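Student: Pasting entry.txt below, which is compact mmCIF, C-alpha atoms and all ligand atoms.
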# COMPACT_ATOMS: atom_id res chain seq x y z
CA MET A 148 -4.52 -20.77 15.60
CA ALA A 149 -4.34 -18.91 12.36
CA PHE A 150 -6.43 -15.83 11.73
CA THR A 151 -9.10 -16.32 9.07
CA LEU A 152 -11.07 -14.07 6.72
CA PRO A 153 -14.68 -13.75 7.89
CA PRO A 154 -17.27 -14.02 5.12
CA LEU A 155 -19.14 -10.84 4.20
CA PRO A 156 -22.44 -10.76 6.14
CA TYR A 157 -24.31 -9.87 2.90
CA ALA A 158 -23.93 -10.29 -0.86
CA TYR A 159 -21.19 -8.37 -2.68
CA ASP A 160 -23.79 -6.22 -4.43
CA ALA A 161 -25.94 -5.67 -1.32
CA LEU A 162 -24.61 -2.18 -0.58
CA GLU A 163 -25.25 -0.79 -4.06
CA PRO A 164 -25.58 1.94 -5.10
CA ALA A 165 -23.57 3.40 -2.20
CA ILE A 166 -20.76 0.88 -2.60
CA ASP A 167 -20.47 -1.07 -5.84
CA GLN A 168 -20.06 -4.82 -6.17
CA GLU A 169 -16.63 -4.68 -7.81
CA THR A 170 -15.23 -2.60 -4.97
CA MET A 171 -16.63 -5.03 -2.40
CA VAL A 172 -15.15 -8.05 -4.19
CA PHE A 173 -11.66 -6.53 -4.34
CA HIS A 174 -11.89 -4.97 -0.89
CA HIS A 175 -12.99 -8.12 0.91
CA ASP A 176 -11.48 -10.93 -1.16
CA LYS A 177 -8.14 -9.29 -2.02
CA HIS A 178 -7.33 -6.48 0.41
CA HIS A 179 -8.75 -7.98 3.60
CA GLN A 180 -7.45 -11.44 2.66
CA ALA A 181 -3.97 -9.96 2.25
CA TYR A 182 -4.07 -8.46 5.77
CA VAL A 183 -5.06 -11.87 7.14
CA ASP A 184 -2.36 -13.71 5.20
CA ASN A 185 0.37 -11.23 6.09
CA LEU A 186 -0.69 -11.18 9.75
CA ASN A 187 -0.43 -14.97 9.88
CA LYS A 188 3.05 -14.79 8.33
CA ALA A 189 4.17 -12.19 10.87
CA VAL A 190 2.77 -14.16 13.81
CA ASP A 191 4.21 -17.45 12.52
CA ALA A 192 7.64 -15.79 12.50
CA ASP A 193 7.46 -14.81 16.19
CA PRO A 194 6.44 -17.48 18.73
CA ALA A 195 5.87 -14.82 21.41
CA LEU A 196 2.90 -13.49 19.44
CA GLN A 197 1.16 -16.81 18.93
CA GLY A 198 -2.11 -17.36 20.75
CA GLN A 199 -2.70 -13.65 21.30
CA SER A 200 -5.94 -12.03 20.19
CA LEU A 201 -5.94 -8.92 18.04
CA GLU A 202 -6.98 -6.87 21.07
CA ASP A 203 -4.07 -8.36 23.07
CA LEU A 204 -1.68 -7.31 20.31
CA PHE A 205 -3.08 -3.74 20.17
CA VAL A 206 -2.28 -3.10 23.85
CA GLY A 207 1.45 -3.33 23.12
CA ILE A 208 1.45 -2.68 19.39
CA SER A 209 3.98 0.18 19.60
CA LYS A 210 6.65 -2.37 20.57
CA LEU A 211 5.81 -4.86 17.80
CA PRO A 212 7.02 -4.96 14.19
CA LYS A 213 5.29 -2.72 11.65
CA ALA A 214 4.04 -5.79 9.79
CA VAL A 215 2.09 -6.87 12.87
CA ARG A 216 0.71 -3.38 13.47
CA ASN A 217 -0.40 -2.88 9.87
CA ASN A 218 -1.90 -6.31 9.32
CA ALA A 219 -3.47 -6.88 12.74
CA GLY A 220 -5.04 -3.44 12.40
CA GLY A 221 -6.12 -4.20 8.86
CA HIS A 222 -7.76 -7.46 9.90
CA TRP A 223 -9.58 -6.01 12.92
CA ASN A 224 -10.65 -2.80 11.18
CA HIS A 225 -12.09 -4.58 8.15
CA SER A 226 -13.78 -7.35 10.14
CA LEU A 227 -15.69 -4.64 11.99
CA PHE A 228 -16.23 -2.45 8.93
CA TRP A 229 -18.23 -5.14 7.10
CA GLU A 230 -20.54 -5.43 10.11
CA LEU A 231 -20.92 -1.66 10.39
CA MET A 232 -22.72 -1.63 7.04
CA ALA A 233 -25.98 -3.23 5.96
CA PRO A 234 -28.18 -3.21 2.87
CA GLN A 235 -30.64 -0.36 2.65
CA GLY A 236 -33.83 -1.37 4.44
CA GLN A 237 -31.86 -3.42 7.00
CA THR A 238 -29.85 -0.64 8.61
CA GLY A 239 -32.15 0.14 11.52
CA ALA A 240 -31.92 3.60 13.06
CA PRO A 241 -29.87 5.26 15.80
CA SER A 242 -31.20 4.40 19.26
CA ALA A 243 -32.72 7.10 21.47
CA GLU A 244 -29.75 6.68 23.83
CA LEU A 245 -27.24 7.15 21.02
CA ILE A 246 -29.10 10.19 19.69
CA ALA A 247 -29.12 11.71 23.18
CA ALA A 248 -25.37 11.15 23.55
CA ILE A 249 -24.73 12.65 20.10
CA ASP A 250 -26.75 15.71 21.09
CA ARG A 251 -24.88 15.98 24.40
CA ASP A 252 -21.32 15.35 23.18
CA LEU A 253 -21.24 16.24 19.49
CA GLY A 254 -23.71 19.08 19.08
CA GLY A 255 -26.47 17.15 17.32
CA PHE A 256 -26.77 14.62 14.53
CA GLU A 257 -26.02 16.97 11.64
CA ALA A 258 -22.87 18.25 13.33
CA PHE A 259 -21.86 14.65 14.07
CA GLN A 260 -22.18 13.63 10.43
CA ALA A 261 -20.40 16.75 9.19
CA ASP A 262 -17.54 16.35 11.67
CA PHE A 263 -17.20 12.61 10.98
CA ASN A 264 -17.06 13.27 7.24
CA ALA A 265 -14.53 16.05 7.80
CA ALA A 266 -12.36 13.69 9.86
CA GLY A 267 -12.43 11.18 7.01
CA ALA A 268 -11.91 13.72 4.26
CA GLY A 269 -9.14 15.40 6.24
CA GLN A 270 -7.17 12.22 6.93
CA PHE A 271 -4.14 12.75 4.70
CA GLY A 272 -3.43 9.66 2.63
CA SER A 273 -4.89 6.37 3.84
CA GLY A 274 -6.68 5.80 7.12
CA TRP A 275 -9.94 5.63 9.00
CA ALA A 276 -12.52 7.97 10.53
CA TRP A 277 -13.92 6.81 13.88
CA LEU A 278 -16.66 7.48 16.39
CA ILE A 279 -15.44 6.33 19.79
CA VAL A 280 -16.49 6.37 23.42
CA GLN A 281 -13.70 7.90 25.51
CA ASP A 282 -14.16 8.44 29.24
CA GLY A 283 -17.91 8.00 28.86
CA LYS A 284 -18.25 10.53 26.05
CA LEU A 285 -18.60 10.24 22.29
CA LYS A 286 -15.68 11.62 20.30
CA ILE A 287 -14.75 11.75 16.60
CA THR A 288 -11.19 10.93 15.59
CA SER A 289 -9.16 9.52 12.73
CA THR A 290 -6.11 7.30 12.39
CA PRO A 291 -3.54 6.83 9.61
CA ASN A 292 -2.96 3.57 7.72
CA GLN A 293 -4.52 0.61 9.59
CA ASP A 294 -4.12 2.04 13.08
CA ASN A 295 -7.21 2.16 15.31
CA PRO A 296 -8.28 3.66 18.66
CA LEU A 297 -7.57 0.39 20.52
CA MET A 298 -3.84 0.69 19.83
CA ASP A 299 -1.55 1.95 22.59
CA LEU A 300 -0.05 4.48 20.19
CA ALA A 301 -3.34 6.03 19.05
CA GLU A 302 -3.60 9.75 19.76
CA GLU A 303 -7.23 9.28 20.83
CA LYS A 304 -8.01 5.95 22.45
CA GLY A 305 -11.46 4.55 23.14
CA ALA A 306 -14.07 1.95 22.30
CA VAL A 307 -15.09 2.02 18.64
CA VAL A 308 -18.74 2.68 17.85
CA LEU A 309 -18.44 3.48 14.12
CA GLY A 310 -15.63 3.52 11.59
CA ALA A 311 -15.25 4.40 7.92
CA ASP A 312 -12.41 3.16 5.73
CA VAL A 313 -11.05 6.12 3.74
CA TRP A 314 -8.31 4.24 1.88
CA GLU A 315 -8.65 4.81 -1.87
CA HIS A 316 -9.24 1.06 -2.31
CA ALA A 317 -12.55 1.54 -0.45
CA TYR A 318 -14.01 3.90 -3.03
CA TYR A 319 -11.76 4.59 -6.03
CA LEU A 320 -13.46 2.32 -8.60
CA LYS A 321 -16.78 4.15 -8.21
CA TYR A 322 -15.84 7.55 -6.79
CA GLN A 323 -12.26 8.04 -8.09
CA ASN A 324 -10.84 11.00 -6.14
CA ARG A 325 -14.21 12.03 -4.66
CA ARG A 326 -13.71 10.79 -1.11
CA ALA A 327 -16.31 13.23 0.22
CA ASP A 328 -18.98 11.76 -2.10
CA TYR A 329 -18.15 8.24 -0.88
CA LEU A 330 -18.44 9.36 2.74
CA LYS A 331 -21.78 11.03 2.01
CA ALA A 332 -23.09 7.78 0.47
CA PHE A 333 -21.65 5.71 3.35
CA TRP A 334 -24.40 7.05 5.66
CA SER A 335 -27.08 5.29 3.60
CA VAL A 336 -25.61 1.90 4.51
CA VAL A 337 -24.53 2.45 8.13
CA ASN A 338 -25.79 -0.50 10.18
CA TRP A 339 -27.31 1.35 13.14
CA ASN A 340 -28.30 -1.94 14.77
CA LYS A 341 -24.58 -2.74 15.10
CA VAL A 342 -23.64 0.83 16.06
CA ASN A 343 -26.33 0.88 18.79
CA ALA A 344 -25.03 -2.42 20.19
CA LEU A 345 -21.41 -1.18 20.25
CA PHE A 346 -22.49 2.05 21.93
CA ALA A 347 -24.52 0.19 24.55
CA ALA A 348 -21.53 -2.03 25.31
CA ALA A 349 -19.05 0.87 25.40
CA LYS A 350 -20.75 3.54 27.45
CA VAL A 351 -19.85 3.87 31.09
MN MN B 401 -9.88 -1.17 3.31
Show me, as structure tokens, the structure contained in the file I just sent.
Ligand code: MN
Tutor:
Amino acid sequence: MAFTLPPLPYAYDALEPAIDQETMVFHHDKHHQAYVDNLNKAVDADPALQGQSLEDLFVGISKLPKAVRNNAGGHWNHSLFWELMAPQGQTGAPSAELIAAIDRDLGGFEAFQADFNAAGAGQFGSGWAWLIVQDGKLKITSTPNQDNPLMDLAEEKGAVVLGADVWEHAYYLKYQNRRADYLKAFWSVVNWNKVNALFAAAKV
């Protein structure tokens, strides 16, 4: 069965002013659609890959063609990314359990935000910043391109709790080269209800 583009769970302008409508239209309708289309082409070309889930593909991604790695990653990363954001007023708040784990593993909420932003700002070129659960502990990491912490080749593997797209296409129309300003604004639209659920499912 072919992979399909999930609809955005909110209107294109719902994340303004943090993320502008034009960026969301291009990011979802053009960039994410292209990952889906190119993933389907790559899978169509190789019968051995058909019927596998994205997570199945990630387990052995280092042995698969670059087109599969880039586009399967792009599809999974973006599908989650849309859900990790919500309009202001609908974002909820970090759960007491998540806050406690952040205090225990990351030195408190302010240090967590600063280190997450630094991971995103410090990712050379295109990539993602991540908050993961690894061996029962929260950890901040980043990946290049459309790699993610589920892939067998990731330097830091774990269950994803939060991710931020730091490709220029995610912010350039509004923020130009100011990636740090985009990451600062990202926190105003983080969907803590989703983050809390991912953390609850991931922790040992
Ligand atoms: Mn993107």
Student: Given a cut-off of 7 Å, what residues near ligand MN 401 (chain B) show up using all atoms listed in the file, put as a list in words?
Tutor: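 Protein and nucleic-acid residues within 7 Å of ligand MN 401 (chain B): His174, His178, His179, His225, Asp312, Trp314, His316 and Ala317 of chain A.
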Student: For a cutoff of 8 Å around the file-coordinate point (-13.2, -10.9, 13.5), which residues qualify once you count all atoms listed in the file? I'd like the result as a PDB file with C-alpha atoms, keeping the file's coordinate frame.
Tutor:
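Below you can see point.pdb, which holds the result:
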ATOM      1  CA  LEU A 152     -11.070 -14.070   6.720  1.00  0.00           C
ATOM      2  CA  PRO A 153     -14.680 -13.750   7.890  1.00  0.00           C
ATOM      3  CA  HIS A 222      -7.760  -7.460   9.900  1.00  0.00           C
ATOM      4  CA  TRP A 223      -9.580  -6.010  12.920  1.00  0.00           C
ATOM      5  CA  SER A 226     -13.780  -7.350  10.140  1.00  0.00           C
ATOM      6  CA  LEU A 227     -15.690  -4.640  11.990  1.00  0.00           C
TER       7      LEU A 227
END
Student: Could you give me, as number ranges by chain, the residues within 6 Å of region 232-244 of chain A, counting all atoms listed in the file and dropping anything in the same chain fewer than 6 positions from it?
Tutor: A: 161-162, 336-340
Student: Tell me which of A:Met298, A:Ala327, A:Asp184, A:Leu231 sits closest to Gly207 (chain A), counting all atoms listed in the file.
Tutor: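 Distance minimum relative to Gly207 (chain A) lands on A:Met298.
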Student: Which is closest to Ala348 (chain A) among A:Ala266, A:Leu330, A:Ala149, A:Ala306, if we use all atoms listed in the file?
Tutor: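 Smallest distance to Ala348 (chain A) is found for A:Ala306.
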Student: For Ala192 (chain A), which residue out of A:Ala214, A:Ala349, A:Ala265, A:Leu204 is the nearest one, using all atoms listed in the file?
Tutor: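 Residue with the minimum atom-to-atom distance to Ala192 (chain A): A:Ala214.
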Student: Please provide as a PyMOL selection string all residues within 9 Å of Gly283 (chain A), with the sequence filter that same-chain residues fewer than 2 positions apart are discarded (counting all atoms listed in the file).
Tutor: chain A and resi 280-281+285+349-351
Student: Asp328 (chain A): which residues within 12 Å, counting only C-alpha atoms, same-chain residues fewer than 3 positions away excluded, as a list in words?
Tutor: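 Those residues are Ala165, Ile166, Asn264, Ala265, Gly267, Ala268, Val313, Tyr318, Tyr319, Lys321, Tyr322, Gln323, Asn324, Arg325, Lys331, Ala332, Phe333, Trp334 and Ser335 of chain A.
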Student: Keeping only C-alpha atoms, write those residues as a PDB file, in the coordinates of the input.
Tutor:
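Listed below is the output, out-v7.pdb:
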ATOM      1  CA  ALA A 165     -23.570   3.400  -2.200  1.00  0.00           C
ATOM      2  CA  ILE A 166     -20.760   0.880  -2.600  1.00  0.00           C
ATOM      3  CA  ASN A 264     -17.060  13.270   7.240  1.00  0.00           C
ATOM      4  CA  ALA A 265     -14.530  16.050   7.800  1.00  0.00           C
ATOM      5  CA  GLY A 267     -12.430  11.180   7.010  1.00  0.00           C
ATOM      6  CA  ALA A 268     -11.910  13.720   4.260  1.00  0.00           C
ATOM      7  CA  VAL A 313     -11.050   6.120   3.740  1.00  0.00           C
ATOM      8  CA  TYR A 318     -14.010   3.900  -3.030  1.00  0.00           C
ATOM      9  CA  TYR A 319     -11.760   4.590  -6.030  1.00  0.00           C
ATOM     10  CA  LYS A 321     -16.780   4.150  -8.210  1.00  0.00           C
ATOM     11  CA  TYR A 322     -15.840   7.550  -6.790  1.00  0.00           C
ATOM     12  CA  GLN A 323     -12.260   8.040  -8.090  1.00  0.00           C
ATOM     13  CA  ASN A 324     -10.840  11.000  -6.140  1.00  0.00           C
ATOM     14  CA  ARG A 325     -14.210  12.030  -4.660  1.00  0.00           C
ATOM     15  CA  LYS A 331     -21.780  11.030   2.010  1.00  0.00           C
ATOM     16  CA  ALA A 332     -23.090   7.780   0.470  1.00  0.00           C
ATOM     17  CA  PHE A 333     -21.650   5.710   3.350  1.00  0.00           C
ATOM     18  CA  TRP A 334     -24.400   7.050   5.660  1.00  0.00           C
ATOM     19  CA  SER A 335     -27.080   5.290   3.600  1.00  0.00           C
TER      20      SER A 335
END
Student: For the atom pair CA of Lys304 (chain A) and CA of Asn218 (chain A), what is the interatomic distance in Å to one decimal place?
Tutor: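 Computing the Euclidean distance for CA of Lys304 (chain A) and CA of Asn218 (chain A) yields 19.0 Å.
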Student: Once you count all atoms listed in the file, which residues end up no further than 6 Å from (-10.1, 11.2, 9.8) in the file's frame, shown as a list in words?
Tutor: Ala266, Gly267, Gly269, Gln270, Trp275, Ala276, Thr288 and Ser289 of chain A
Student: Those same residues, written as a PDB file, in the coordinates of the input with C-alpha atoms?
Tutor:
ATOM      1  CA  ALA A 266     -12.360  13.690   9.860  1.00  0.00           C
ATOM      2  CA  GLY A 267     -12.430  11.180   7.010  1.00  0.00           C
ATOM      3  CA  GLY A 269      -9.140  15.400   6.240  1.00  0.00           C
ATOM      4  CA  GLN A 270      -7.170  12.220   6.930  1.00  0.00           C
ATOM      5  CA  TRP A 275      -9.940   5.630   9.000  1.00  0.00           C
ATOM      6  CA  ALA A 276     -12.520   7.970  10.530  1.00  0.00           C
ATOM      7  CA  THR A 288     -11.190  10.930  15.590  1.00  0.00           C
ATOM      8  CA  SER A 289      -9.160   9.520  12.730  1.00  0.00           C
TER       9      SER A 289
END
Student: What does the distance from CA of Lys213 (chain A) to CA of Gly274 (chain A) come to in Å, to one decimal?
Tutor: 15.4 Å
Student: Please provide as a ChimeraX atom specification all residues within 12 Å of Asp193 (chain A), with the sequence filter that same-chain residues fewer than 4 positions apart are discarded (counting all atoms listed in the file).
Tutor: /A:186-189,197-199,211-212,214-215
Student: Output C-alpha atoms of each residue in that selection to a file, as a PDB file, in the coordinates of the input.
Tutor:
ATOM      1  CA  LEU A 186      -0.690 -11.180   9.750  1.00  0.00           C
ATOM      2  CA  ASN A 187      -0.430 -14.970   9.880  1.00  0.00           C
ATOM      3  CA  LYS A 188       3.050 -14.790   8.330  1.00  0.00           C
ATOM      4  CA  ALA A 189       4.170 -12.190  10.870  1.00  0.00           C
ATOM      5  CA  GLN A 197       1.160 -16.810  18.930  1.00  0.00           C
ATOM      6  CA  GLY A 198      -2.110 -17.360  20.750  1.00  0.00           C
ATOM      7  CA  GLN A 199      -2.700 -13.650  21.300  1.00  0.00           C
ATOM      8  CA  LEU A 211       5.810  -4.860  17.800  1.00  0.00           C
ATOM      9  CA  PRO A 212       7.020  -4.960  14.190  1.00  0.00           C
ATOM     10  CA  ALA A 214       4.040  -5.790   9.790  1.00  0.00           C
ATOM     11  CA  VAL A 215       2.090  -6.870  12.870  1.00  0.00           C
TER      12      VAL A 215
END
Student: Between A:Phe205, A:Trp229, A:Phe263, A:Phe256, which residue has the minimum interatomic distance to Tyr159 (chain A), considering all atoms listed in the file?
Tutor: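 Of the candidates, the smallest distance to Tyr159 (chain A) is held by A:Trp229.
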Student: One number please: CA of Gln168 (chain A) to CA of Asn185 (chain A), in Å, one decimal.
Tutor: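 The value is 24.7 Å.
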